[in-house]
Amino acid sequence: MAVDAVTCDFHPGQLTAIVGPNGAGKTTYFNLISGQIPASAGRVFLHDRDISGQSVSARTRAGIGRAFQLTNLFPNLSVLENVRLVVQAKSGRSFNLWSMVSRHGDLTAEAEAILQRVRLLEQREQVVSELSHGNQRKLEVALLIALDPAVYMFDEPTAGMSVDEAPVVLDLIEELKDQRNRTILLVEHKMDVIRTLADRIIVLHNGALAADGPPAEVMASDVVQEAYMGRGLEGVLADV
Amino acid sequence: MSDPILKLEGVYTNIAQYHILQGVDLQVPRAAVTMLLGRNGVGKTTTLRTIIGHWRAHKGRILFDGEDITKLPTPAIARLGLGFVPEDMGIFADLTVEENMVLAAVSGPINSARLDWIFAAFPPLKTFWKSEAGNLSGGQKQMLSIARAMVEERKLYLIDEPTKGLAPAIISTMARALKDLKDQGASVLLVEQNFAVAKALGDSANVMDDGRMTWSGEMQELATDAALQERLMGLSLEAH
Amino acid sequence: MSAAPEHAPKMADVSLRDRIAPHMPVLLVPLIAIAGFLAIQNPSSWLTLTVSGLAMGMMIFIMASGLTLVFGLMDVINFGHGAFVSVGAFVGISVLLLLGHMTEAPSLLLNLTALLVAVLGAMIATGIMGWAFEKVIVEPVYGHHLKQILVTMGGLIVVEQLIVVLWGPEEIYILRPEALKGAITFAGAAIEKYRLVAVGVGLAVFLAMRWVLRRTKIGLIVRAGVENGEMVQALGYRLRLVFVGVFIAGSALAGLGGVMWGLYQEVVTAHMGNQAMILIFIVVIIGGLGSVEGCFIGALLVGLLQNYIAFIEPKAALISNIALMVTILMWRPMGMIPVVKAK
Amino acid sequence: MIRTLLSGDMPRSVPLALILGVILVCLALAPFLFPGVRTVDTAARICIFIVLVASYDLLLGYGGIVSFAHTMFFGIGAYGVALASTHLGRGFDSIAIGAIAGAGVAALLALVIGLFSLRVRAIFFAMITLAVASAVAVLVSQLSGLTGGEDGLTFKTPRELGPAFKFGKEAFDGQLFGVKLNGKLLAYYFVFIGALVLFLGLLRVVNSPFGRVLQAIRENDFRAEAIGYKVVYYRVAATCLSAAAAALAGALYAVWLRYVGPDTSLSMEIMIDILLMVVIGGMGTMYGAVVGATLFVLAQNYLQNLMGAASELTSALPLLPDLLNADRWLLWLGVLFILSVYFFPTGIVGRLRNSG
Amino acid sequence: DIKIAHIYGKTGPYEAYAKQSHDGLMLGLEYATGGTMEINGEKIVVIEKDTQLKPENGKALLEEAYGDDEVDLAIGPVSSGVALAMLPVAEEYEKLLIVEPAVADSITGANWNRYIFRTGRNSSQDAVSNAIALAGEDTHIATLAQDYAFGRDGIAAFKEALESVGSDVAHEEYVPTDTTDFTAAAERIFNAMKDLDGKKKLFVIWAGGGNPMSKINAMDPSRFGIEMATGGNILAAMKAYKEFPGMEGATYYYYEIPQNPVNDWLVKEHEARFGAPPDFFTAGGMTAGIAAVEAIKKAGSTDTEELITAMEGMEWETPKGTMMFRAEDHQALQPMYHFKIKVEDGVEWAVPELVRALSIDELPIPIRNQ
Ligand SMILES: Nc1ncnc2c1ncn2[C@@H]1O[C@H](COP(=O)(O)OP(=O)(O)OP(=O)(O)O)[C@@H](O)[C@H]1O
Ligand SMILES: Nc1ncnc2c1ncn2[C@@H]1O[C@H](COP(=O)(O)OP(=O)(O)OP(=O)(O)O)[C@@H](O)[C@H]1O
Ligand SMILES: [Mg+2]
Ligand SMILES: [Mg+2]
């Protein structure tokens, strides 16, 4: 049991940050929502529709999109192809056996537009495995944006990105948030990021919901201070 | 300071095409706890893995007890007297606690006095001695992982984030056990995100950023200088 | 506040079904035997079929054990396993032919000694070959299943051809040692003596493997090494060496299987090992790749079922193994006792 | 035009383009460039194996699925034509009916196997297909009333495709550049054009949106699922498609040989040959099938001659002549097998493209 | 030159047979030409081709031999499957194919054409001779064979032959070709036969490995009074017959049985050159070689039509004595040998002692190509 009876509603236009120590169950919580792991009990609703029994791909088509904590791309395909595949998945033309890919210029154009947004257009012909780590992280985000789901789930999108690269991704998230009709879930360890972006923070600890509320309130609460930031340990450790 | 038990000189480590460590210098003094600190992803774990030989330094030297171990295979390094507690604990889930411990006692049967000492430090291990390690809770796994390293006397312990996901009460037990080790004359290189623990345990500290050592000195000095912490590790949270 | 959530299985909730489930594979063997009895209705025939089926299962197990060991512990698919079986058979039979005076004498002791020498010779030869195979052919392709399939198939062809170069293209016929010819009859059933030897050897191999894997540190190292090789090395064990050892052991077991199989068939050909491979694969799959116990049970099931079906409806014998495999995989998609984690 | 024919998948390497061009020209003009029964037979086999290997590449190289049942589908196509020609009488309609029925049965069987076993682990799928294929081979030998058993079926194709049919007597005096104009020539072009069309069709499929999804699944099925693709459907579809294409290749083979038998179309040996051709040529490239099949079939046909010569040259040395004996050609094929996996991990096509 | 192609499966499971066959062929040519390897001053050139036991190769190689190499006639192959694929090629090219030693009845039966001659025995000859050797008053015979065309045809011919000598088959058992465990089959046979009276025999037709004889024998069929029986085999396989002293059956050839100058020469030369006695396929190869030479001599040319005319009804001397190509189906009629197994010390294999030679006239081989 990695996540225990967490009940939450997420609303369009709101960015919810999920924090908690390593192994708290954040990624597992994402897995439950996007379907990588079936929940042993409990349900997941999207727009009031129960999607608990559905497969990953069905949930994706229903509007749940996610970027992975550990980069998870198509390593031997080009950058453009990676994004194009996502655009194609949405287009419903994927069982087309007979037309040449090059005849679907609209898909390519859309993919290129997205690469432009994440500033990867120049690398579009490059094979993903030759991409730098930071650029792979960007591509991970690009795939999610290409999917354009109702619910965006970012799992530590800036992890492993350098200080000057991270803002590109954060700006994109900000942009999405400004559209006001997307639900965004964000797992992030960097507190300054959370402070600027989050409308709400939920804290997971040992798989349970430890706190839930507006950023300022949550960060000040004892439970967070103790469980996550390690305050209060000083007393315990004093005698060591 | 007497000659260090472990010395890294300009170590560079690549993982696939990523340049992770970019010239790490590090000295671990004898009979002391040396902290290795830094934000997520700066290369702390990679440093430990390079020392034990899981990753290969492709430049630079690693000296253990005066011997160059840079090119030695992992088992040979371990047999020189290194105990390793990996970030993911490396528990053999299919084996019982006992089997895990037996395996860790490389040179023969387990010394019963030492076992008693371990049981005293981590009582749950005695309770679950015959059960499968995979069924232990996270904290218990962490205890087992450290107990495995302690089951035989080693010259140097490499311990990666032993307190993550642990409840404060257990953290203090853990801290006490580590302190015991030090008092017995062992040397410890400890990676720790929890600054409170680091403060309580560390004798000296090394801070990494971007695959390099950015600061080395007495723990005392770092602990008392909030501005330095902020600069080195972005621990803005503390100042909040 | 607790640490990571406690894992506390609640026994009260476990139904009878769940409690039986882990033992189901073991129970399958008697279940099939009982079903066979009901279907055959002729006690002496049933007894003959059952004992010889079990013995056949043992022989298959001996041949398959090396494959499951190597696959289960090292994640290497050795399509060349059959070549080791053949080589084992050729070496063993050559030794036996040399020891003709011992095998033709009607003394059980002399016969068994000759057999033992042959088996040892075969195991040493295949063991050495396994070592070379590992070094030259398998080492560069750890972790790539497809390449393993291709390369070991190449190895299979080369070894089969080398057998032809060394031993000539003719099939070699051999008679079993004198004391192992014929059958023991009781209760109207005839049980070949040789099969009883096979049962003995098979049981010994099974128990020895279990003992090594469970009771010695080697077993621990290998089991732990599959789960987390890096950690085992970090504890100071030379895992690579242990793995090579496992490969050698697996090859030597194939060699043993080859001798047993060759003597059972009383004729050896360069292709004999490869011809047995399909059966071996089926056994290893239904056992759950990598599980010695599973492989053992799987082999017994195959042996029994084959005999029963061939008696009841010979036409259906052809597909009985495939049907068994399909059924078991529908019931447990990872095989009866899966060991290797899903890939 | 060429781009459209090749579905936009250009060779992307000058040497590769040259090689492919040479192969195409040689195959297109084989009866005129290399007159002779054996050489034309070799050319026809190359054509057929190109299709067979390309269809396997669709599965292995693009779908990442290891199957050992490919010859089974090949055989189904071949038997389809053979049975139709035997029971419906010789004629092009029999060939068409047999080929279509064979492809249909193959696709259906692939569907069943795929739905059942593509859910289990990849390695299980490989072994299951191996077992099924061997069972089918035994079944074919047992149902001798229908299939001719081990002996196979010898049957007649339309007269126009047999050596007895002569044409162009008035216009060219029955000869063109010294080559007799007879049904054998027509049969060759029947095979050649059939193979060309099938190959270009397969090339189109792998360069369609569907083909790209397959590649994505091969690369990372987990992520493919997470961007909304139902992985099992695509895998099953690829299996069926590849089975149908293999069956059509089998149909061409039957037309060419006017004979089918278990060893000819169902044997494990051919399966291994196919694997080797894909690997030597280069997986996931389609052109690899062309290069691999050409090289391999040539080696299979002429390696023995070469070795015989080598054996005689070395006859003074110990052991070597034994190893080089023409009868030991399989040994060297095995060695080639191993070496090619080491030295051409991306196949010849991959090598050429990377260096180019 | 006179060009003869020998097309056979040099590599693959029948490699041993192939070598015998080729050695025999060359000895035959040598013998028939008196060592000159020339007929009427024309040199004989033998072109070898390896089918690798693949029918499609057999076909292509035969086409090559006729079309490109322009051989006068071709000899081969070992495997019936390959032979059947090759038959139509002979018809297309209108050239001769002498089949040796493939045995399927249909080669000179349903699939025959007028360009096909066979020097080897066919399944019927095996079956009929065995039926004659085994049948007797109050004898019950059960059969065991592989469940495919070769096995079923063989048993059918055997049954037909048994009926013609007034006996019949008590139980037929077929098992898959790759069967290795015969317990179930044996139990079925035992159950079917144990309550019968009189002499009981189990006749086994088996091709390839996995020899069931000794495996069934190990189950002690004598408990039920059942004796084992089977036809002759190559020397290597006859080792396993040592378990069956006294067993009777019929064989195609054993080097000590035929008494004639050709065989004497063959045994002597073979032992001198290869250090071993000639075997089944050596005798067969030699028969084919002599037949080819005699036919060309008799026709006086290598023209196909003239050869056919010469060969239909031709009689010639072979290691097995005089053989004759039956005009109707071009099958070589030949004697077979009823034997009884004797175990001799110092001989590696069991010796089939001649009980009686079954002459051509005693063997009613049906004509099946009509
Ligand atoms: N497949 C699994 N089987 C067993 N336990 C698992 C599995 N996956 C995750 N866990 C456990 O569940 C707990 C929660 O893991 P999770 O990955 O959700 O943490 P997280 O909050 O995302 O941590 P991080 O910040 O490190 O990403 C951990 O203790 C982990 O070990
Ligand atoms: N197997 C790998 N392949 C590629 N990159 C890796 C791999 N392992 C680690 N990295 C990268 O190396 C960098 C350093 O990782 P490392 O695990 O050493 O960091 P760390 O300092 O231990 O961080 P943390 O505090 O999160 O444990 C990270 O950017 C990480 O993404
Ligand atoms: Mg996580
Ligand atoms: Mg770390």
# chains A, B, ... in the order shown; residues from 1 in each chain; ligands from 1
>>> select_by_dssp(residues="range 220-277 of chain E", states="helix (DSSP H, G or I)", output="PyMOL selection string")
chain E and resi 221-224+235-243+261-274
>>> residues_around(residues="Met86 in chain E", least_positions_apart="2", cutoff="12 Å", atoms="only C-alpha atoms", output="JSON, numbers by chain")
{"D": [151, 152, 153, 154, 257, 258, 259, 260], "E": [7, 8, 51, 53, 54, 55, 56, 57, 58, 59, 60, 61, 62, 63, 64, 65, 66, 74, 75, 76, 77, 78, 79, 80, 81, 82, 83, 84, 88, 89, 90, 91, 92, 93, 95, 96, 97, 98, 99, 102, 107, 111, 112, 113, 115, 116]}
>>> closest_atom_pairs(of="chain B", to="ligand 2", cutoff="6 Å", atoms="only C-alpha atoms and all ligand atoms", output="JSON lines")
{"residue": "B:Ile15", "atom": "CA", "partner": "ligand 2", "partner_atom_place_in_ligand_line": "3 (N)", "distance": 5.3}
{"residue": "B:Ile20", "atom": "CA", "partner": "ligand 2", "partner_atom_place_in_ligand_line": "12 (O)", "distance": 5.1}
{"residue": "B:Arg39", "atom": "CA", "partner": "ligand 2", "partner_atom_place_in_ligand_line": "25 (O)", "distance": 5.8}
{"residue": "B:Asn40", "atom": "CA", "partner": "ligand 2", "partner_atom_place_in_ligand_line": "25 (O)", "distance": 3.6}
{"residue": "B:Gly41", "atom": "CA", "partner": "ligand 2", "partner_atom_place_in_ligand_line": "19 (O)", "distance": 3.3}
{"residue": "B:Val42", "atom": "CA", "partner": "ligand 2", "partner_atom_place_in_ligand_line": "21 (O)", "distance": 4.0}
{"residue": "B:Gly43", "atom": "CA", "partner": "ligand 2", "partner_atom_place_in_ligand_line": "18 (O)", "distance": 3.1}
{"residue": "B:Lys44", "atom": "CA", "partner": "ligand 2", "partner_atom_place_in_ligand_line": "21 (O)", "distance": 3.5}
{"residue": "B:Thr45", "atom": "CA", "partner": "ligand 2", "partner_atom_place_in_ligand_line": "22 (O)", "distance": 3.4}
{"residue": "B:Thr46", "atom": "CA", "partner": "ligand 2", "partner_atom_place_in_ligand_line": "18 (O)", "distance": 3.5}
>>> write_last_selection(atoms="all heavy atoms", output="PDB file, in the first residue's frame")
ATOM      1  N   ILE B  15      27.377   9.231 -17.283  1.00  0.00           N
ATOM      2  CA  ILE B  15      26.378   8.159 -17.364  1.00  0.00           C
ATOM      3  C   ILE B  15      25.779   8.273 -18.751  1.00  0.00           C
ATOM      4  O   ILE B  15      25.208   9.307 -19.088  1.00  0.00           O
ATOM      5  CB  ILE B  15      25.283   8.328 -16.299  1.00  0.00           C
ATOM      6  CG1 ILE B  15      25.902   8.387 -14.915  1.00  0.00           C
ATOM      7  CG2 ILE B  15      24.282   7.192 -16.409  1.00  0.00           C
ATOM      8  CD1 ILE B  15      24.922   8.620 -13.803  1.00  0.00           C
ATOM      9  N   ILE B  20      27.954  13.718 -15.588  1.00  0.00           N
ATOM     10  CA  ILE B  20      27.326  13.950 -14.287  1.00  0.00           C
ATOM     11  C   ILE B  20      28.322  14.550 -13.307  1.00  0.00           C
ATOM     12  O   ILE B  20      28.103  15.642 -12.784  1.00  0.00           O
ATOM     13  CB  ILE B  20      26.748  12.639 -13.705  1.00  0.00           C
ATOM     14  CG1 ILE B  20      25.844  11.970 -14.734  1.00  0.00           C
ATOM     15  CG2 ILE B  20      25.991  12.932 -12.438  1.00  0.00           C
ATOM     16  CD1 ILE B  20      24.586  12.691 -15.058  1.00  0.00           C
ATOM     17  N   ARG B  39      21.713  20.055  -3.450  1.00  0.00           N
ATOM     18  CA  ARG B  39      20.325  19.928  -3.896  1.00  0.00           C
ATOM     19  C   ARG B  39      20.122  18.610  -4.642  1.00  0.00           C
ATOM     20  O   ARG B  39      21.064  17.900  -4.950  1.00  0.00           O
ATOM     21  CB  ARG B  39      19.975  21.087  -4.833  1.00  0.00           C
ATOM     22  CG  ARG B  39      19.860  22.425  -4.147  1.00  0.00           C
ATOM     23  CD  ARG B  39      19.561  23.434  -5.195  1.00  0.00           C
ATOM     24  NE  ARG B  39      20.335  23.060  -6.395  1.00  0.00           N
ATOM     25  CZ  ARG B  39      20.603  23.880  -7.370  1.00  0.00           C
ATOM     26  NH1 ARG B  39      20.167  25.104  -7.316  1.00  0.00           N
ATOM     27  NH2 ARG B  39      21.302  23.476  -8.410  1.00  0.00           N
ATOM     28  N   ASN B  40      18.874  18.381  -5.007  1.00  0.00           N
ATOM     29  CA  ASN B  40      18.564  17.171  -5.789  1.00  0.00           C
ATOM     30  C   ASN B  40      19.325  17.164  -7.097  1.00  0.00           C
ATOM     31  O   ASN B  40      19.431  18.160  -7.787  1.00  0.00           O
ATOM     32  CB  ASN B  40      17.069  17.155  -6.126  1.00  0.00           C
ATOM     33  CG  ASN B  40      16.246  16.698  -4.959  1.00  0.00           C
ATOM     34  OD1 ASN B  40      15.591  17.496  -4.329  1.00  0.00           O
ATOM     35  ND2 ASN B  40      16.317  15.428  -4.650  1.00  0.00           N
ATOM     36  N   GLY B  41      19.819  16.020  -7.427  1.00  0.00           N
ATOM     37  CA  GLY B  41      20.365  15.835  -8.770  1.00  0.00           C
ATOM     38  C   GLY B  41      21.710  16.469  -9.016  1.00  0.00           C
ATOM     39  O   GLY B  41      22.132  16.591 -10.162  1.00  0.00           O
ATOM     40  N   VAL B  42      22.414  16.842  -7.975  1.00  0.00           N
ATOM     41  CA  VAL B  42      23.710  17.480  -8.221  1.00  0.00           C
ATOM     42  C   VAL B  42      24.810  16.426  -8.362  1.00  0.00           C
ATOM     43  O   VAL B  42      25.903  16.732  -8.804  1.00  0.00           O
ATOM     44  CB  VAL B  42      24.088  18.466  -7.107  1.00  0.00           C
ATOM     45  CG1 VAL B  42      23.112  19.625  -7.082  1.00  0.00           C
ATOM     46  CG2 VAL B  42      24.144  17.772  -5.767  1.00  0.00           C
ATOM     47  N   GLY B  43      24.517  15.211  -7.981  1.00  0.00           N
ATOM     48  CA  GLY B  43      25.532  14.175  -8.201  1.00  0.00           C
ATOM     49  C   GLY B  43      26.012  13.501  -6.934  1.00  0.00           C
ATOM     50  O   GLY B  43      27.041  12.825  -6.938  1.00  0.00           O
ATOM     51  N   LYS B  44      25.286  13.620  -5.857  1.00  0.00           N
ATOM     52  CA  LYS B  44      25.724  12.999  -4.605  1.00  0.00           C
ATOM     53  C   LYS B  44      25.703  11.472  -4.728  1.00  0.00           C
ATOM     54  O   LYS B  44      26.693  10.799  -4.427  1.00  0.00           O
ATOM     55  CB  LYS B  44      24.808  13.445  -3.449  1.00  0.00           C
ATOM     56  CG  LYS B  44      24.690  14.949  -3.299  1.00  0.00           C
ATOM     57  CD  LYS B  44      23.810  15.347  -2.139  1.00  0.00           C
ATOM     58  CE  LYS B  44      22.366  14.924  -2.307  1.00  0.00           C
ATOM     59  NZ  LYS B  44      21.618  15.654  -3.353  1.00  0.00           N
ATOM     60  N   THR B  45      24.564  10.992  -5.166  1.00  0.00           N
ATOM     61  CA  THR B  45      24.449   9.547  -5.322  1.00  0.00           C
ATOM     62  C   THR B  45      25.479   9.041  -6.325  1.00  0.00           C
ATOM     63  O   THR B  45      26.121   8.009  -6.128  1.00  0.00           O
ATOM     64  CB  THR B  45      23.032   9.191  -5.801  1.00  0.00           C
ATOM     65  OG1 THR B  45      22.118   9.629  -4.809  1.00  0.00           O
ATOM     66  CG2 THR B  45      22.884   7.705  -6.023  1.00  0.00           C
ATOM     67  N   THR B  46      25.641   9.794  -7.396  1.00  0.00           N
ATOM     68  CA  THR B  46      26.615   9.391  -8.405  1.00  0.00           C
ATOM     69  C   THR B  46      28.016   9.315  -7.807  1.00  0.00           C
ATOM     70  O   THR B  46      28.792   8.417  -8.149  1.00  0.00           O
ATOM     71  CB  THR B  46      26.572  10.375  -9.580  1.00  0.00           C
ATOM     72  OG1 THR B  46      25.219  10.511 -10.015  1.00  0.00           O
ATOM     73  CG2 THR B  46      27.429   9.893 -10.732  1.00  0.00           C
TER      74      THR B  46
END
>>> atom_distance(atom1="CA of Arg212 in chain B", atom2="CA of Leu21 in chain B")
6.5 Å
>>> residues_near_ligand(ligand="ligand 4", cutoff="12 Å", atoms="only C-alpha atoms and all ligand atoms", output="compact mmCIF listing (two decimals) with C-alpha atoms, in the first residue's frame")
# COMPACT_ATOMS: atom_id res chain seq x y z
CA ASN A 22 10.63 11.04 -1.35
CA LEU B 36 27.90 15.18 1.46
CA LEU B 37 25.21 17.74 0.84
CA GLY B 38 23.59 19.43 -2.10
CA ARG B 39 20.33 19.93 -3.90
CA ASN B 40 18.56 17.17 -5.79
CA GLY B 41 20.37 15.84 -8.77
CA VAL B 42 23.71 17.48 -8.22
CA GLY B 43 25.53 14.18 -8.20
CA LYS B 44 25.72 13.00 -4.61
CA THR B 45 24.45 9.55 -5.32
CA THR B 46 26.62 9.39 -8.41
CA THR B 47 29.63 10.21 -6.28
CA LEU B 48 28.91 7.29 -3.95
CA ARG B 49 28.22 4.97 -6.83
CA VAL B 85 23.91 1.63 1.82
CA PRO B 86 22.40 2.66 -1.49
CA GLU B 87 19.78 5.30 -2.03
CA ASP B 88 17.17 2.67 -2.89
CA MET B 89 18.25 0.52 0.06
CA ILE B 159 25.39 5.80 3.30
CA ASP B 160 22.96 7.46 0.92
CA GLU B 161 20.04 9.28 2.48
CA PRO B 162 19.32 6.90 5.32
CA LYS B 164 14.36 9.65 3.84
CA LEU B 190 26.86 10.30 4.63
CA VAL B 191 24.57 11.84 2.05
CA GLU B 192 21.69 13.53 3.73
CA GLN B 193 18.97 15.88 2.60
CA MET B 208 28.05 19.78 -4.23
>>> residues_around(residues="Val24 in chain B", least_positions_apart="4", cutoff="7 Å", atoms="only C-alpha atoms", output="JSON list (two decimals) with N, CA, C and O atoms, in the first residue's frame")
[["chain", "number", "residue", "atom", "x", "y", "z"],
["B", 8, "LEU", "N", 39.07, 11.59, -3.20],
["B", 8, "LEU", "CA", 38.72, 11.67, -4.62],
["B", 8, "LEU", "C", 39.47, 12.84, -5.21],
["B", 8, "LEU", "O", 39.46, 13.95, -4.63],
["B", 9, "GLU", "N", 40.12, 12.61, -6.33],
["B", 9, "GLU", "CA", 40.88, 13.69, -6.96],
["B", 9, "GLU", "C", 40.38, 13.91, -8.37],
["B", 9, "GLU", "O", 40.58, 13.10, -9.25],
["B", 10, "GLY", "N", 39.68, 14.99, -8.54],
["B", 10, "GLY", "CA", 39.21, 15.39, -9.88],
["B", 10, "GLY", "C", 38.47, 14.31, -10.63],
["B", 10, "GLY", "O", 38.79, 13.99, -11.77],
["B", 11, "VAL", "N", 37.45, 13.74, -9.97],
["B", 11, "VAL", "CA", 36.74, 12.62, -10.58],
["B", 11, "VAL", "C", 35.65, 13.10, -11.54],
["B", 11, "VAL", "O", 34.85, 13.96, -11.20],
["B", 12, "TYR", "N", 35.71, 12.56, -12.73],
["B", 12, "TYR", "CA", 34.67, 12.83, -13.74],
["B", 12, "TYR", "C", 33.93, 11.53, -14.00],
["B", 12, "TYR", "O", 34.53, 10.49, -14.19],
["B", 211, "GLY", "N", 27.64, 18.67, -10.16],
["B", 211, "GLY", "CA", 28.72, 17.72, -10.37],
["B", 211, "GLY", "C", 30.07, 18.19, -9.88],
["B", 211, "GLY", "O", 31.08, 17.62, -10.26],
["B", 212, "ARG", "N", 30.08, 19.23, -9.08],
["B", 212, "ARG", "CA", 31.35, 19.70, -8.53],
["B", 212, "ARG", "C", 31.20, 19.96, -7.04],
["B", 212, "ARG", "O", 30.11, 20.19, -6.55],
["B", 213, "MET", "N", 32.32, 19.93, -6.34],
["B", 213, "MET", "CA", 32.30, 20.27, -4.93],
["B", 213, "MET", "C", 32.39, 21.79, -4.83],
["B", 213, "MET", "O", 33.33, 22.39, -5.35]]
>>> atom_distance(atom1="CA of Phe244 in chain E", atom2="CA of Arg356 in chain E")
19.0 Å
>>> select_by_dssp(residues="range 44-139 of chain B", states="strand (DSSP E)", output="JSON list (two decimals) with C-alpha atoms, in the first residue's frame")
[["chain", "number", "residue", "atom", "x", "y", "z"],
["B", 57, "ALA", "CA", 35.19, 7.43, -13.22],
["B", 58, "HIS", "CA", 36.61, 8.09, -16.63],
["B", 59, "LYS", "CA", 38.97, 10.72, -15.31],
["B", 60, "GLY", "CA", 40.52, 11.36, -11.93],
["B", 61, "ARG", "CA", 41.55, 9.08, -9.10],
["B", 62, "ILE", "CA", 39.92, 7.50, -6.11],
["B", 63, "LEU", "CA", 42.20, 6.47, -3.26],
["B", 64, "PHE", "CA", 41.01, 4.27, -0.43],
["B", 67, "GLU", "CA", 45.26, 2.32, -2.52],
["B", 68, "ASP", "CA", 44.07, 3.39, -5.94],
["B", 82, "LEU", "CA", 33.57, -0.56, 2.40],
["B", 83, "GLY", "CA", 29.99, -0.86, 3.51],
["B", 84, "PHE", "CA", 27.46, 0.58, 1.09],
["B", 85, "VAL", "CA", 23.91, 1.63, 1.82]]
>>> residues_near_ligand(ligand="ligand 3", cutoff="8 Å", atoms="only C-alpha atoms and all ligand atoms", output="list in words")
Asn22, Gly23, Gly25, Lys26, Thr27, Thr28, Gln69, Asp155, Glu156 and Val187 of chain A
>>> residues_around(residues="Leu186 in chain D", least_positions_apart="2", cutoff="12 Å", atoms="only C-alpha atoms", output="JSON, numbers by chain")
{"D": [31, 40, 44, 157, 158, 159, 160, 161, 162, 163, 164, 165, 166, 167, 168, 180, 181, 182, 183, 184, 188, 189, 190, 191, 192, 193, 194, 255, 256]}
